[in-house]
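> Have a look at this one before I ask anything.
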Amino acid sequence: MIRLTVNGQEQSWDGDPDLPLLWFLRDEIGLTGTKFGCGEALCGGCTVMVDKDAVRSCITSVNDVAGRQITTIEGLHPTGDHPVQKAWRQLNVPQCGFCQTGQIMQAAALLATNPKPTHDQILEAMAGNICRCGCYQRIANAVQLASTGV
Amino acid sequence: MNIDVMPRRKRGFEAYLPIEKISRRSVLKTLGIAGGLVLAAPVLSRTAFAAYQTGANEMPHGTVVDPRVFVAIAPDGTVTILAHRAEMGTGVRTSLPMVVAEEMEADWSRVKVQQAHGDERKFGNQDTDGSRSTRHYLMPMRQIGASARAMLEAAAAKKWGVPVDEVKAANHEVLHNASGRRIGFGDLAADAAAQPVPDLKTLKLKDPKTFRYIGKGQISMVDLHDITTGKAQYGIDVRLPGMKYAVIARPPVTGGKLVSFDATAALKISGVEKVLEVQGWPWPSKFQPLGGVAVVARNTGAAIKGRAALKIVWDDGPNGTYESASYRKTLEEAARNPGLVVRNEGDVDTALKSADKVVVGEYYLPHLAHVSMEPPVAVANVKDGKAEVWAPVQSAGGTQEDVAKTLGIALDDVTVNVTLLGGGFGRKSKCDYALEAVLLSKAVGAPVKVQWTREDDVRHDFFHTVSVERIEAGLDKDGKVIAWRHRSAAPSIASTFAPNVMHAAPFELGMGLIDVPFEIANIRCENPAAAAHTRIGWFRSVSNVPRAFAVQSMVGELAHATGRDQKEMLLQLIGSPRHVKLDSVKDAWNYGEPFDSYPIDTGRLRRVVELVAEKGRWGRSVPKGHGLGIAAHRSFVSYVATIVEVSVDDKGKLTVHQVDTAIDCGTYVNPERIQSQMEGCAVMGLSLAKYGEITFKDGRVQQGNFDNFPLIRIDEAPIVTNVYIAPADEDTPPSGVGEPGLPPFAPALINAIFAATGKRIRTLPIGKQLET
C-alpha cells in the first residue's frame with residue numbers, strides 16, 4: 001500500500017506501483033484538472049507540484065511520490081485566486097485552455113522559488129510547457145504580472 | 001469536487017429528452033425553472049431574414065432562429081442562453097450568447113450559457129469549422145435577442161396599460177420613463193411568453209451605436225475562471241459511474257487490417273480487464289473507425305501498459321509502400337506537366353513564351369498533424385438500444401448522425417453531449433474516436449472512455465495534405481507580370497470519402513488557387529492528378545496553407561527579380577480595387593458564401609496591406625542580419641496581411657522579433673478574441689514553417705510525439721504580435737476569424753528570411769536549411 005498526500009488529503013494506492021501519478025490523480029481519485037498531453041514529459045500539460053517542485057506527473061510513478069505532498073491545480077488556492085491564476089484571468093490568457101492548468105502550475109512553482117524572475121528566466125522556466133493555440137505572448141506577460149502583483 | 005459526472009453539462013437543454021417530445025414545459029423542467037417561462041417567438045423554418053445573405057442556409061439543417069430554443073428566463077431573472085457551436089478556443093461559446101444578450105438588453109452578469117447537445121434538426125447546423133460561426137450566426141442571434149426584447153417590452157406595456165412605444169428594455173428590466181415605472185425581466189417572463197410573435201421583417205434591431213457588448217472586447221470567456229482552476233470540463237475529464245478506460249492498437253497503415261493478436265501478456269498486466277477486437281471499416285470510409293485491438297482497464301495507465309504487451313499481426317494492404325520522399329517526386333513530376341485546367345483567362349502559353357523573363361517557383365509543403373493538446377477522446381454509454389456520448393467534437397450534429405448509423409439505431413436514440421474541446425483545428429470535425437467509444441461500450445456493456453495517446457493522434461490523424469505548388473510568372477520587358485500559371489498537386493480531402501479520387505474538390509480549389517486576386521491578363525490554374533495513400537482531412541485553413549505560401553512567396557521572388565519593394569510588388573499584382581470575377585471557373589467556391597455578399601474585393605485586400613504597412617512600419621530600418629517580410633491573403637472571406645521581422649545569426653539560428661497582422665473580418669463581435677486568434681496563428685504558422693512535417697515510410701508515420709513532431713515553445717515564439725483590426729461598418733457582413741490568420745504567416749516569414757539572408761526557402765519545414 002502506497003500512501004501519499006494530495007492537496008492536503010491522505011490518499012492510498014494498492015494497485016500497480018508503477019502507475020503514472022497522472023492516471024492515479026485523474027482516473028483513480030478524480031482530480032481531472034491535471035491534463036494528459038503526451039505521456040513523455042514533453043508538453044507539461046500534466047504538471048503538478050511534488051513538495052515545492054514542478055513535476056511531470058505522466059512520467060512520475062505513484063511509487064516515486066510515496067509519502068510526498070502533491071499539489072494539483074485543484075489545490076493551488078482554495079478560491080482559485082493564486083496570483084498566477086488572477087494574472088491569467090486579467091490578461092485573458094487561454095484560448096482552448098487545455099494546457100493552462102499545467103502552465104499555471106509551472107508558473108506558480110517558478111514564482112515560489114524565484115518571486116521576481118526576469119523575462120528570460122520566465123521563458124526558460126516555461127519552455128517545457130506547450131500551448132498549441134499559441135498563447136505564449138500572454139503567458140509570458142501573465143507570469144510577469146503575477147510576479148509584480150496583480 | 002467534480003469527480004463522477006458532469007452536472008453542469010448534464011443539465012444541457014433537453015439533454016435527456018427525445019426531441020419530438022419537447023414542449024415548452026419539458027424545456028422548463030429540464031432547466032429547473034419551476035413557474036418560469038420560456039419566451040415564445042417565431043420559428044422561422046430555417047430561413048433567417050437578414051440584411052445580407054450568407055451561405056448559412058446551405059449548410060446541413062440550415063439556421064434556426066427561435067428564442068424558444070435558445071433563450072430561457074427564470075423568475076429570478078436569470079437568462080439562460082444556449083451555445084450550439086463548439087468551443088475550442090475561439091471564444092464562440094461566449095460571443096454568440098453575448099450577441100443574444102446584447103439585443104435583448106440582458107445584463108451579462110445575469111446570463112448563464114448552456115451548451116447544446118448535438119441535434120441539428122433542433123438547433124440548426126452545428127459544424128464548428130470553416131470559420132463560420134460568427135458569419136452565419138451573428139444576424140440570427142441578433143434576431144433571437146431582438147425578438148425576446150420586443151416581447152418583454154410588449155408584456156410590460158400591456159401590464160401598465162401604456163403604448164408599447166413608451167416603454168424600453170434596458171439592462172435586464174423594462175422602463176416606462178413617463179411614469180418612472182420599471183419591472184425586471186424575471187417578473188415579465190410569464191407575460192412575455194403570452195405575447196404575439198414579432199414579425200421579423202419589421203423587427204427592430206438595436207442601433208449599433210448603442211451596443212454595450214458587441215465590438216467592445218470587454219467580456220472574458222465564460223469558461224475563463226474554470227479553465228484557470230482546473231474545473232473546466234473537456235472530453236478527457238468526463239467520468240461516469242462504472243466507466244472503463246480503453247486504448248486501441250490500430251492498423252499502422254491506412255487501409256491495413258488485423259490478422260491476429262495474442263493478448264496473453266496484456267491480460268496479466270495489473271488493472272487490465274479485457275482485450276477485444278474493434279470493428280474497422282475499409283478505407284476510405286469517411287470517419288469510420290480504423291479498427292484494431294482494444295485494451296479495457298480500470299484506468300488509462302493500465303490500458304496503455306496492457307496495449308504495449310499485445311502481440312499483433314497486421315496486414316498492411318496496398319498503402320504499405322507509401323513513402324514520402326518518393327511521393328514528393330511523384331507530385332513534382334505531376335506539377336511539371338499540364339494538369340486539369342480549373343481557371344483559364346487569356347492565353348498563358350503564348351504569354352509565357354513571349355515573356356521577357358519567366359520566374360519559376362516550385363514549393364513543397366509536407367503532411368501535418370493537428371496535435372490539439374487534448375488528444376482525441378470520447379466517453380460512451382450504450383445501453384438498451386440507446387447511446388449517449390460525451391465528447392469534444394466540432395460537429396455535434398454530425399456525430400449524432402454517425403453514431404446512429406454506426407450502431408444502426410434511430411437518431412433520437414443518440415444523445416451527444418459536447419464538452420469543451422482542448423483544441424480542434426479540424427481534427428475534431430471527424431468523430432471516429434466517438435464511434436470507437438460507442439462500439440466498445442456496446443461490446444463491454446458498460447460506459448467506456450476511449451483515450452488516444454499522443455502517438456495514436458500523430459500516427460492516425462486525418463492529415464493535412466502534402467503538396468507541390470508550382471508557379472510560373474512571365475514578365476514583360478518593363479517588369480510587368482503578364483502571365484501566371486499555378487499548378488497545385490495534392491491529394492484531396494475527398495479521398496477520405498470516396499475511392500479513386502484524383503483531383504481537388506471545388507472547395508479545395510477555392511482556397512487560394514482559382515481565387516488568386518491578381519490583376520494579370522493571362523492566368524491559368526491547373527490541378528494535376530494526385531492519389532491519396534493515407535487519410536487526408538481538414539487542418540486549420542486547409543488548402544490555403546500551401547496556396548498562400550506559394551503565391552505570396554512568388555510575390556517575394558518577383559519583387560527580387562524586378563528589384564522592387566515586396567509591398568509595392570504585392571500591391572501592383574493585386575491591382576486596382578475591384579471585385580474579381582471568376583467567369584472561367586466552373587463551380588467557383590466562395591467558402592459557401594454568395595459572391596454578392598462576399599465578393600473577392602481587392603480594395604479590402606489592398607486596405608489590409610496598407611494598414612499593416614502603416615501600423616507595422618513597413619520599410620523601417622532594421623539591424624544587420626534582420627529582415628522584413630510581408631504577405632497578404634483572403635481566406636474564409638476575410639482579408640489578412642502580415643509583416644514578420646526575423647534575424648538569422650551566423651549559425652543559422654532563426655529568431656522572430658516581431659509580427660504585425662491586420663485583419664478585415666467585416667463587422668465583428670469580440671475584438672479581444674480576434675486578437676488572440678491572430679496571436680495564435682503566428683505561433684502555429686511558425687510551428688508549421690519551422691518544424692511541421694509528417695513523413696511516411698513503409699506506409700507508417702515516422703513521427704509520434706513532440707520530440708519528433710516538435711511545436712514552437714515559448715522561448716522561440718513570437719513574443720510581440722501586434723494585431724490591427726480594420727474598422728468595418730455594420731453593413732459589411734461578418735467573415736471568418738479562426739483560420740484566416742494562419743495562411744499569410746509562413747510566406748511573410750520566408751520573405752523576411754530572404755530579406756535577411758538572401759536564402760529563398762521553397763521547401764517546408766525550414767528545418768536545418770538555414771544552417772548550410
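Letters for chains follow the order of the C-alpha cells (A, B, ...), residue numbers begin at 1 for each chain, and ligand numbers begin at 1 in the order shown.
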Taking the backbone alone, and naming residues the way the document does, which bits of region 522-672 of chain B are helix (DSSP H, G or I) by DSSP, as a PyMOL selection string?

chain B and resi 544-562+566-574+602-615+671-672

> What are the residues of chain A lining chain B at 8 Å or less? Count only C-alpha atoms, and put the answer as an NGL selection string.

:A and (15-16 or 19-20 or 23-24 or 26-34 or 36-39 or 42-43 or 73-74 or 80 or 85 or 88-89 or 92 or 94-101 or 104 or 123-124 or 126-137 or 140)

> Restricting the output to C-alpha atoms, write the selected residues as a PDB file, in the first residue's frame.


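In the end it all went to selection.pdb:
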ATOM      1  CA  GLY A  15      -2.528  -1.263  -7.416  1.00  0.00           C
ATOM      2  CA  ASP A  16       0.414  -1.231  -9.803  1.00  0.00           C
ATOM      3  CA  LEU A  19       1.121   3.573 -12.415  1.00  0.00           C
ATOM      4  CA  PRO A  20       1.907   7.114 -13.553  1.00  0.00           C
ATOM      5  CA  TRP A  23      -3.589   8.482 -14.116  1.00  0.00           C
ATOM      6  CA  PHE A  24      -3.829   7.960 -10.367  1.00  0.00           C
ATOM      7  CA  ARG A  26      -7.250  11.657 -12.912  1.00  0.00           C
ATOM      8  CA  ASP A  27      -8.777   8.209 -13.034  1.00  0.00           C
ATOM      9  CA  GLU A  28      -8.470   6.856  -9.507  1.00  0.00           C
ATOM     10  CA  ILE A  29      -9.170   9.919  -7.352  1.00  0.00           C
ATOM     11  CA  GLY A  30     -10.929  12.112  -9.913  1.00  0.00           C
ATOM     12  CA  LEU A  31      -8.686  15.167  -9.974  1.00  0.00           C
ATOM     13  CA  THR A  32      -9.094  15.916 -13.657  1.00  0.00           C
ATOM     14  CA  GLY A  33      -7.584  19.396 -13.650  1.00  0.00           C
ATOM     15  CA  THR A  34      -4.206  17.788 -14.363  1.00  0.00           C
ATOM     16  CA  PHE A  36      -2.732  14.406 -20.361  1.00  0.00           C
ATOM     17  CA  GLY A  37      -0.936  15.766 -23.409  1.00  0.00           C
ATOM     18  CA  CYS A  38       1.960  13.497 -24.345  1.00  0.00           C
ATOM     19  CA  GLY A  39       2.841  10.902 -21.711  1.00  0.00           C
ATOM     20  CA  LEU A  42       7.382  16.708 -23.499  1.00  0.00           C
ATOM     21  CA  CYS A  43       4.437  19.090 -23.137  1.00  0.00           C
ATOM     22  CA  ILE A  73      -4.366  22.787  -9.768  1.00  0.00           C
ATOM     23  CA  GLU A  74      -7.386  21.985  -7.593  1.00  0.00           C
ATOM     24  CA  GLY A  80      -8.684  29.968  -7.400  1.00  0.00           C
ATOM     25  CA  GLN A  85      -4.485  32.437 -11.652  1.00  0.00           C
ATOM     26  CA  TRP A  88      -4.121  34.614 -16.173  1.00  0.00           C
ATOM     27  CA  ARG A  89      -7.680  35.889 -15.991  1.00  0.00           C
ATOM     28  CA  ASN A  92      -7.350  36.582 -20.871  1.00  0.00           C
ATOM     29  CA  PRO A  94      -6.284  30.967 -22.518  1.00  0.00           C
ATOM     30  CA  GLN A  95      -7.757  30.040 -25.832  1.00  0.00           C
ATOM     31  CA  CYS A  96      -8.893  26.397 -25.641  1.00  0.00           C
ATOM     32  CA  GLY A  97      -7.484  26.311 -22.115  1.00  0.00           C
ATOM     33  CA  PHE A  98      -6.429  22.680 -22.058  1.00  0.00           C
ATOM     34  CA  CYS A  99      -2.723  23.247 -21.353  1.00  0.00           C
ATOM     35  CA  GLN A 100      -3.340  26.138 -18.998  1.00  0.00           C
ATOM     36  CA  THR A 101      -3.523  24.242 -15.708  1.00  0.00           C
ATOM     37  CA  ILE A 104      -0.234  27.764 -14.222  1.00  0.00           C
ATOM     38  CA  LEU A 123      10.853  31.920 -20.947  1.00  0.00           C
ATOM     39  CA  GLU A 124      13.338  29.372 -19.705  1.00  0.00           C
ATOM     40  CA  MET A 126       8.017  27.910 -19.184  1.00  0.00           C
ATOM     41  CA  ALA A 127       9.740  26.328 -22.196  1.00  0.00           C
ATOM     42  CA  GLY A 128       8.702  22.830 -21.153  1.00  0.00           C
ATOM     43  CA  ASN A 129       5.018  23.679 -21.497  1.00  0.00           C
ATOM     44  CA  ILE A 130       3.497  23.550 -24.969  1.00  0.00           C
ATOM     45  CA  CYS A 131       0.451  25.575 -25.973  1.00  0.00           C
ATOM     46  CA  ARG A 132      -0.867  24.552 -29.399  1.00  0.00           C
ATOM     47  CA  CYS A 133      -3.231  27.543 -29.520  1.00  0.00           C
ATOM     48  CA  GLY A 134      -0.178  29.777 -29.196  1.00  0.00           C
ATOM     49  CA  CYS A 135      -0.923  31.850 -26.092  1.00  0.00           C
ATOM     50  CA  TYR A 136       2.765  32.348 -25.324  1.00  0.00           C
ATOM     51  CA  GLN A 137       2.805  36.128 -25.557  1.00  0.00           C
ATOM     52  CA  ALA A 140       4.913  35.455 -20.596  1.00  0.00           C
TER      53      ALA A 140
END

> Quick one: residues within 10 Å of Pro733 (chain B), only C-alpha atoms, excluding same-chain residues fewer than 4 positions away - as a list in words?

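Close residues of Pro733 (chain B): Ala51, Tyr52, Gln53, Thr54, Thr134, Arg135, His136, Leu138, Met139, Ser597, Tyr598, Val637, Cys665, Gly666, Thr667, Tyr668, Ala728 and Asp729 of chain B.
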
> Compile the contact shell of Arg485 (chain B) as a VMD selection string: residues with an atom at most 10 Å away, counting only C-alpha atoms, same-chain residues fewer than 2 positions apart removed.

chain B and resid 343 to 344 348 to 349 352 360 470 to 474 483 487 to 488 522 to 526

> If we count only C-alpha atoms and set the cut-off at 8 Å, which residues sit around region 555-571 of chain B, ignoring sequence neighbours fewer than 2 positions away in its own chain? Please answer as a PyMOL selection string.

chain B and resi 359+361+479+551-553+573-575+606+609+629-631+751

> Just list as a PyMOL selection string whatever in chain A DSSP marks as strand (DSSP E or B).

chain A and resi 2-6+9-13+20+47-50+53-56+61+69-71

> With N, CA and C atoms retained, export the selected residues as a PDB file, in the first residue's frame.


ATOM      1  N   ILE A   2       0.665   2.092  -1.029  1.00  0.00           N
ATOM      2  CA  ILE A   2       1.423   3.341  -1.105  1.00  0.00           C
ATOM      3  C   ILE A   2       0.559   4.459  -0.552  1.00  0.00           C
ATOM      4  N   ARG A   3       1.149   5.269   0.306  1.00  0.00           N
ATOM      5  CA  ARG A   3       0.405   6.414   0.838  1.00  0.00           C
ATOM      6  C   ARG A   3       1.047   7.710   0.352  1.00  0.00           C
ATOM      7  N   LEU A   4       0.208   8.664   0.035  1.00  0.00           N
ATOM      8  CA  LEU A   4       0.699   9.975  -0.375  1.00  0.00           C
ATOM      9  C   LEU A   4      -0.351  11.015   0.015  1.00  0.00           C
ATOM     10  N   THR A   5       0.026  12.273  -0.032  1.00  0.00           N
ATOM     11  CA  THR A   5      -0.904  13.342   0.331  1.00  0.00           C
ATOM     12  C   THR A   5      -1.153  14.192  -0.899  1.00  0.00           C
ATOM     13  N   VAL A   6      -2.424  14.336  -1.238  1.00  0.00           N
ATOM     14  CA  VAL A   6      -2.777  15.148  -2.405  1.00  0.00           C
ATOM     15  C   VAL A   6      -3.674  16.299  -1.955  1.00  0.00           C
ATOM     16  N   GLN A   9      -4.943  16.009   1.464  1.00  0.00           N
ATOM     17  CA  GLN A   9      -5.704  14.827   1.861  1.00  0.00           C
ATOM     18  C   GLN A   9      -4.873  13.562   1.680  1.00  0.00           C
ATOM     19  N   GLU A  10      -4.971  12.680   2.678  1.00  0.00           N
ATOM     20  CA  GLU A  10      -4.287  11.393   2.589  1.00  0.00           C
ATOM     21  C   GLU A  10      -4.923  10.543   1.505  1.00  0.00           C
ATOM     22  N   GLN A  11      -4.095   9.933   0.670  1.00  0.00           N
ATOM     23  CA  GLN A  11      -4.589   9.005  -0.347  1.00  0.00           C
ATOM     24  C   GLN A  11      -3.750   7.739  -0.276  1.00  0.00           C
ATOM     25  N   SER A  12      -4.324   6.647  -0.752  1.00  0.00           N
ATOM     26  CA  SER A  12      -3.545   5.414  -0.789  1.00  0.00           C
ATOM     27  C   SER A  12      -3.799   4.677  -2.099  1.00  0.00           C
ATOM     28  N   TRP A  13      -2.865   3.804  -2.451  1.00  0.00           N
ATOM     29  CA  TRP A  13      -2.965   3.063  -3.723  1.00  0.00           C
ATOM     30  C   TRP A  13      -2.361   1.683  -3.518  1.00  0.00           C
ATOM     31  N   PRO A  20       1.563   5.681 -13.554  1.00  0.00           N
ATOM     32  CA  PRO A  20       1.907   7.114 -13.553  1.00  0.00           C
ATOM     33  C   PRO A  20       0.968   7.905 -12.629  1.00  0.00           C
ATOM     34  N   THR A  47       1.610  18.963 -15.370  1.00  0.00           N
ATOM     35  CA  THR A  47       2.474  19.461 -14.298  1.00  0.00           C
ATOM     36  C   THR A  47       1.733  19.605 -12.964  1.00  0.00           C
ATOM     37  N   VAL A  48       2.331  19.024 -11.931  1.00  0.00           N
ATOM     38  CA  VAL A  48       1.849  19.200 -10.556  1.00  0.00           C
ATOM     39  C   VAL A  48       3.062  19.572  -9.706  1.00  0.00           C
ATOM     40  N   MET A  49       2.789  19.918  -8.462  1.00  0.00           N
ATOM     41  CA  MET A  49       3.913  20.157  -7.561  1.00  0.00           C
ATOM     42  C   MET A  49       4.065  18.968  -6.625  1.00  0.00           C
ATOM     43  N   VAL A  50       5.303  18.491  -6.529  1.00  0.00           N
ATOM     44  CA  VAL A  50       5.640  17.488  -5.532  1.00  0.00           C
ATOM     45  C   VAL A  50       6.512  18.214  -4.521  1.00  0.00           C
ATOM     46  N   ASP A  53       8.403  21.334  -5.907  1.00  0.00           N
ATOM     47  CA  ASP A  53       8.936  21.272  -7.274  1.00  0.00           C
ATOM     48  C   ASP A  53       7.866  20.965  -8.305  1.00  0.00           C
ATOM     49  N   ALA A  54       7.967  21.616  -9.460  1.00  0.00           N
ATOM     50  CA  ALA A  54       7.103  21.277 -10.597  1.00  0.00           C
ATOM     51  C   ALA A  54       7.568  19.949 -11.171  1.00  0.00           C
ATOM     52  N   VAL A  55       6.626  19.031 -11.321  1.00  0.00           N
ATOM     53  CA  VAL A  55       6.948  17.673 -11.758  1.00  0.00           C
ATOM     54  C   VAL A  55       5.959  17.257 -12.840  1.00  0.00           C
ATOM     55  N   ARG A  56       6.466  16.497 -13.811  1.00  0.00           N
ATOM     56  CA  ARG A  56       5.571  15.964 -14.847  1.00  0.00           C
ATOM     57  C   ARG A  56       4.961  14.667 -14.326  1.00  0.00           C
ATOM     58  N   SER A  61       5.908   7.891 -11.251  1.00  0.00           N
ATOM     59  CA  SER A  61       5.008   6.829 -10.789  1.00  0.00           C
ATOM     60  C   SER A  61       4.458   7.162  -9.400  1.00  0.00           C
ATOM     61  N   GLN A  69       4.103  15.221  -0.584  1.00  0.00           N
ATOM     62  CA  GLN A  69       2.970  16.150  -0.666  1.00  0.00           C
ATOM     63  C   GLN A  69       2.769  16.553  -2.121  1.00  0.00           C
ATOM     64  N   ILE A  70       1.616  16.237  -2.660  1.00  0.00           N
ATOM     65  CA  ILE A  70       1.307  16.596  -4.047  1.00  0.00           C
ATOM     66  C   ILE A  70       0.320  17.757  -4.050  1.00  0.00           C
ATOM     67  N   THR A  71       0.593  18.747  -4.874  1.00  0.00           N
ATOM     68  CA  THR A  71      -0.387  19.816  -5.074  1.00  0.00           C
ATOM     69  C   THR A  71      -0.785  19.836  -6.546  1.00  0.00           C
TER      70      THR A  71
END

> Identify, on the basis of only C-alpha atoms, every residue whose closest approach to Ala531 (chain B) does not exceed 7 Å; exclude the query and any residue fewer than 4 positions from it along the same chain; express the result as a list in words.

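After dropping sequence-adjacent residues, the list is Pro491, Val501 and Met502 of chain B.
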
> Between CA of Val516 (chain B) and CA of Met59 (chain B), what is the distance in Å, rounded to a tenth?

25.1 Å

> Neighbouring residues of Gly736 (chain B) were defined as those with any atom within 6 Å, considering only C-alpha atoms; residues of the same chain fewer than 3 positions away were excluded. Please report them as a PDB file with C-alpha atoms, in the first residue's frame.


ATOM      1  CA  SER B 131     -14.563  29.901 -39.605  1.00  0.00           C
ATOM      2  CA  PHE B 636     -12.734  32.368 -45.232  1.00  0.00           C
ATOM      3  CA  SER B 638     -11.700  37.673 -44.586  1.00  0.00           C
TER       4      SER B 638
END

> Work out how far apart CA of Asp76 (chain B) and CA of Ala193 (chain B) are and give it in Å to one decimal.

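CA of Ala193 (chain B) lies 15.8 Å from CA of Asp76 (chain B).
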
> Enter the distance from CA of Phe539 (chain B) to CA of Ala494 (chain B), in Å, rounded to one decimal.

13.7 Å

> Between B:Met511, B:Val64, B:Val162, B:Val377, which is the closest to Ala178 (chain B) once you count only C-alpha atoms?

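Distance minimum relative to Ala178 (chain B) lands on B:Val162.
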
> For a quick check of understanding, using only C-alpha atoms, which of B:Ile248, B:Ala434, B:Ala297, B:Ala396 has the smallest distance to Lys268 (chain B)?

B:Ala297
